[in-house]
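Just below is one structure, and these are the notes that go with it.
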Amino acid sequence: MIFEDLRSAPSHVLDGEEVAGSGSNFISSVNPYTGDTIWTGYAATAADVDNAVRIAKRAFPDWASTPYEARKAVLLKFTALVRENEEPLIHLICDEAGKTLRDARTEIAALIEEFRTSVEAYETRCKEHTTELDGSRLKTRYLPRGVMAVIGPFNCPLSMSNGLIMPALLAGNAVVFKPSEHTPLCGAAMTLLWQQAGLYNGVLNSLTGGVSAGEQLASHAGVDGILFVGGHAAGMSIFNAVKDNPEKVAALDMGGNNPLILHDIPPDSVAAASKAVIQSAFAGGGQICTAARRLIVSETAIDTIDRIIEDCKALKIGNPSDPQEEPYYGPLITPLAARKAAARYSELVDKGAISLLEPNISGPANTLMSPGILDVTDCDSDSDEEILAPILKLYRYDGDINAAVRLANATRFGLSAGIICAGPDNYRTAQRDIKAALFHWNRPMTSRGSLTPVGGLKQSGNLRPAGSMSCDHCAYPVIYHESDIQGLKSLDQAATS
């Protein structure tokens with residue numbers, strides 16, 4: 001295992017060294033299922049952030065001047081080490097993020113796939129190009145930005161974080177990485193594996209900390225760009241921290257309030273539609289950013305809801321690391337997250353929403369939450385919000401697909417959307433008119449291909465920080481107009497003739 005004892009894990013990894021940390025602000029890693037504290041360390045101070053950026057800035061020139069194939073080889077070695085450490089990493093994801101063994105294995109596979117995504121994207125989108133022009137040459141080369149700040153999420157602590165880190169390193173940048181405050185051990189373990197892969201000291205540094213550490217990192221004068229995947233509030237705090245610095249690229253993916261439409265469901269497709277809705281809304285306990293939050297149902301498909309409710313009642317929720325139990329999903333990340341979601345559900349019911357399936361909180365740490373479904377069609381207090389939990393709001397409509405599209409677009413977000421319907425014409429209308437960056441037709445909304453851009457529209461984000469377009473924000477093009485000395489002489493001859 002990367003750590004012989006989890007309790008001995010460092011608070012930070014700086015310049016290739018494990019740093020215990022210091023200060024007055026402690027931060028803990030808590031198993032979300034058991035509620036047990038598995039590690040305690042120190043949150044990064046402003047001085048720690050400054051030190052990490054200075055180290056990265058010092059390490060940047062050597063890494064940037066390292067040939068591309070050598071940088072690529074380090075990424076390949078890292079993926080090999082991930083494979084070698086697959087089992088302990090899987091259990092670390094279960095213990096710290098609360099993901100099931102099945103979902104943790106899927107995440108490790110996605111992490112390894114990020115290598116191919118990053119390499120193919122960089123070699124396609126950042127390829128050097130030369131054009132001959134009247135005896136001279138126009139060359140386009142892509143250069144690394146310098147020091148990139150990477151701020152990762154808790155729900156995919158290894159795969160999504162590496163979906164940001166790999167493109168940055170491949171392009172030649174140095175990185176300061178702040179993992180989610182809920183998954184600091186995943187962040188430290190990953191950083192140490194990068195060191196074992198042969199990454200130069202100081203090229204990747206990790207800091208444990210909360211929102212303030214992220215803001216300090218993003219706004220630091222020595223940081224040249226920020227890649228972020230997380231919640232809307234945290235993303236906006238980063239945006240506000242850098243809004244007066246247009247020279248910094250800030251690629252932000254900030255969640256969504258995602259619609260899923262049920263339009264015309266043939267009787268022989270009700271069971272499959274129910275399965276797709278459940279996976280879209282409740283996989284991972286609803287803690288996946290692209291999950292369905294709003295189910296928009298035509299009156300002709302309303303009978304499908306009864307099947308969805310019955311299927312939800314049969315879902316097994318429990319210990320994510322128990323191979324015998326094999327739950328559909330495990331706990332929410334904290335007891336507070338579960339309480340807030342339950343409180344919001346109750347508030348909506350008090351204000352006129354109709355409870356169709358009431359969620360229950362259970363488990364050793366009160367973090368297991370069963371699915372909740374409520375009809376908010378006539379609820380005046382409904383708000384445009386992302387509830388990162390297994391809560392699904394239902395909206396009924398009577399009319400053609402255009403009525404569903406209007407409901408789907410009634411949000412400030414634009415991350416993902418989906419439709420389950422038989423006819424391609426209804427799909428084409430929804431696809432054309434709904435504003436979302438990721439669209440599904442008769443597919444679960446929590447899945448996406450690896451070689452795709454990751455990010456949203458409207459308040460879901462501004463750019464595509466992860467996936468196949470991440471390299472766009474990690475390197476910038478420079479145009480070189482070149483000729484040899486004979487070309488210079490030809491200019492003089494042309495001027496005097």
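Just so we're on the same page: first chain in the structure tokens is A, next is B, and so on; residues restart at 1 for each chain, and ligands are numbered from 1 in the order they show up.
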
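Counting only C-alpha atoms, region 361-372 of chain A has the following residues at most 7 Å away, ignoring those fewer than 2 positions along the same chain: Pro32, Tyr33, Thr34, Gly35, Phe282, Cys312, Ile317, Gly318, Gly330, Pro331, Leu332, Thr334, Pro335, Ala338, Leu357, Glu358, Pro359, Leu374, Pro390, Ile391 and Leu392 of chain A.
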
For the residues in that selection, give me C-alpha atoms as a PDB file, in the first residue's frame.
```pdb
ATOM      1  CA  PRO A  32     -18.662   8.223   5.644  1.00  0.00           C
ATOM      2  CA  TYR A  33     -20.273   4.850   6.339  1.00  0.00           C
ATOM      3  CA  THR A  34     -18.904   4.109   9.807  1.00  0.00           C
ATOM      4  CA  GLY A  35     -18.312   7.696  10.939  1.00  0.00           C
ATOM      5  CA  PHE A 282     -29.664   7.455  -7.820  1.00  0.00           C
ATOM      6  CA  CYS A 312     -36.570   2.092  -5.861  1.00  0.00           C
ATOM      7  CA  ILE A 317     -28.255   0.499   0.302  1.00  0.00           C
ATOM      8  CA  GLY A 318     -25.503  -0.297   2.777  1.00  0.00           C
ATOM      9  CA  GLY A 330     -23.435   3.530  -0.125  1.00  0.00           C
ATOM     10  CA  PRO A 331     -23.475   6.575   2.132  1.00  0.00           C
ATOM     11  CA  LEU A 332     -23.614  10.258   1.389  1.00  0.00           C
ATOM     12  CA  THR A 334     -21.236  13.429   5.421  1.00  0.00           C
ATOM     13  CA  PRO A 335     -24.116  13.266   7.918  1.00  0.00           C
ATOM     14  CA  ALA A 338     -27.870  13.745   4.429  1.00  0.00           C
ATOM     15  CA  LEU A 357     -41.420   8.103  -1.931  1.00  0.00           C
ATOM     16  CA  GLU A 358     -40.098   9.489   1.344  1.00  0.00           C
ATOM     17  CA  PRO A 359     -36.348   9.123   1.920  1.00  0.00           C
ATOM     18  CA  LEU A 374     -41.641  14.088  -4.776  1.00  0.00           C
ATOM     19  CA  PRO A 390     -30.790  10.706  -3.900  1.00  0.00           C
ATOM     20  CA  ILE A 391     -33.654  13.178  -4.245  1.00  0.00           C
ATOM     21  CA  LEU A 392     -35.623  13.358  -7.490  1.00  0.00           C
TER      22      LEU A 392
END
```

(message) For Ser280 (chain A), find every residue with an atom within 8 Å (counting only C-alpha atoms), except residues of its own chain fewer than 4 positions away, and show them as a PyMOL selection string.
(response) chain A and resi 276+291-292+444-446

Any chance you can output those residues with N, CA, C and O atoms as a PDB file, in the first residue's frame?
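What landed in selection-v3.pdb:
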```
ATOM      1  N   ALA A 276     -33.404   2.963 -16.312  1.00  0.00           N
ATOM      2  CA  ALA A 276     -32.608   4.100 -16.774  1.00  0.00           C
ATOM      3  C   ALA A 276     -32.801   5.318 -15.878  1.00  0.00           C
ATOM      4  O   ALA A 276     -31.837   6.045 -15.578  1.00  0.00           O
ATOM      5  N   ALA A 291     -26.032  13.634 -12.693  1.00  0.00           N
ATOM      6  CA  ALA A 291     -27.232  12.876 -12.347  1.00  0.00           C
ATOM      7  C   ALA A 291     -28.502  13.674 -12.619  1.00  0.00           C
ATOM      8  O   ALA A 291     -28.514  14.903 -12.571  1.00  0.00           O
ATOM      9  N   ALA A 292     -29.591  12.954 -12.904  1.00  0.00           N
ATOM     10  CA  ALA A 292     -30.893  13.594 -13.089  1.00  0.00           C
ATOM     11  C   ALA A 292     -31.390  14.119 -11.747  1.00  0.00           C
ATOM     12  O   ALA A 292     -31.425  13.399 -10.753  1.00  0.00           O
ATOM     13  N   PRO A 444     -28.641   6.083 -19.546  1.00  0.00           N
ATOM     14  CA  PRO A 444     -28.497   6.684 -18.219  1.00  0.00           C
ATOM     15  C   PRO A 444     -27.658   7.951 -18.282  1.00  0.00           C
ATOM     16  O   PRO A 444     -26.662   8.024 -19.018  1.00  0.00           O
ATOM     17  N   MET A 445     -28.020   8.938 -17.497  1.00  0.00           N
ATOM     18  CA  MET A 445     -27.346  10.241 -17.555  1.00  0.00           C
ATOM     19  C   MET A 445     -26.018  10.270 -16.801  1.00  0.00           C
ATOM     20  O   MET A 445     -25.293  11.255 -16.872  1.00  0.00           O
ATOM     21  N   THR A 446     -25.704   9.204 -16.080  1.00  0.00           N
ATOM     22  CA  THR A 446     -24.464   9.185 -15.311  1.00  0.00           C
ATOM     23  C   THR A 446     -23.305   8.575 -16.080  1.00  0.00           C
ATOM     24  O   THR A 446     -22.223   8.384 -15.530  1.00  0.00           O
TER      25      THR A 446
END
```

For Arg396 (chain A): contacts at 12 Å, only C-alpha atoms, fewer than 2 positions along chain excluded, given as a CSV table (one decimal) with C-alpha atoms, in the first residue's frame:
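Heads up, here's the output in around_24.csv:
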```csv
chain,number,residue,atom,x,y,z
A,260,LEU,CA,-34.6,14.0,-17.6
A,261,ILE,CA,-37.8,13.8,-19.8
A,262,LEU,CA,-40.1,10.8,-20.0
A,263,HIS,CA,-42.3,11.4,-23.0
A,294,ARG,CA,-35.6,16.8,-12.3
A,295,LEU,CA,-37.9,14.2,-13.9
A,296,ILE,CA,-40.2,15.8,-16.4
A,297,VAL,CA,-43.0,13.4,-17.2
A,298,SER,CA,-45.8,13.6,-19.8
A,299,GLU,CA,-49.3,12.6,-18.7
A,300,THR,CA,-49.1,9.8,-21.2
A,301,ALA,CA,-46.1,8.4,-19.4
A,302,ILE,CA,-47.2,9.0,-15.8
A,303,ASP,CA,-47.9,5.3,-15.1
A,305,ILE,CA,-43.7,6.5,-12.1
A,354,ILE,CA,-46.5,15.7,-2.9
A,374,LEU,CA,-41.6,14.1,-4.8
A,375,ASP,CA,-44.0,15.8,-7.2
A,376,VAL,CA,-43.3,19.5,-7.2
A,377,THR,CA,-45.4,20.5,-10.2
A,378,ASP,CA,-47.7,22.7,-8.1
A,379,CYS,CA,-45.1,23.6,-5.4
A,393,LYS,CA,-38.2,16.1,-8.2
A,394,LEU,CA,-41.0,15.2,-10.5
A,398,ASP,CA,-49.7,17.9,-20.5
A,399,GLY,CA,-48.8,18.6,-24.1
A,403,ALA,CA,-43.8,21.8,-23.1
A,404,ALA,CA,-41.2,19.4,-21.8
A,407,LEU,CA,-39.6,22.9,-18.3
A,408,ALA,CA,-36.1,21.4,-19.0
```

(message) Considering only C-alpha atoms, can you say which of A:Ala20, A:Leu204, A:Cys94, A:Met166 comes closest to Pro320 (chain A)?
(response) A:Cys94

(message) Please identify the strand (DSSP E) residues within region 102-308 of chain A (assignment by DSSP from backbone atoms) and present them as a ChimeraX atom specification.
(response) /A:129-133,136-144,147-151,174-178,204-206,225-229,249-253,258-262,292-298

(message) Taking the DSSP secondary structure from the backbone, can you list the residues of region 1-167 of chain A that are helix (DSSP H, G or I), as JSON, numbers by chain?
(response) {"A": [6, 7, 8, 46, 47, 48, 49, 50, 51, 52, 53, 54, 55, 56, 57, 58, 59, 60, 61, 62, 63, 64, 65, 68, 69, 70, 71, 72, 73, 74, 75, 76, 77, 78, 79, 80, 81, 82, 83, 84, 86, 87, 88, 89, 90, 91, 92, 93, 94, 95, 96, 97, 101, 102, 103, 104, 105, 106, 107, 108, 109, 110, 111, 112, 113, 114, 115, 116, 117, 118, 119, 120, 121, 122, 123, 124, 125, 159, 160, 161, 162, 163, 164, 165, 166, 167]}

(message) When you look at region 235-248 of chain A with a cut-off of 7 Å (counting only C-alpha atoms), what residues show up, excluding the ones that are within fewer than 3 positions of it in the same chain? I need them as a PyMOL selection string.
(response) chain A and resi 215+218-219+224-225+230-232+252+254
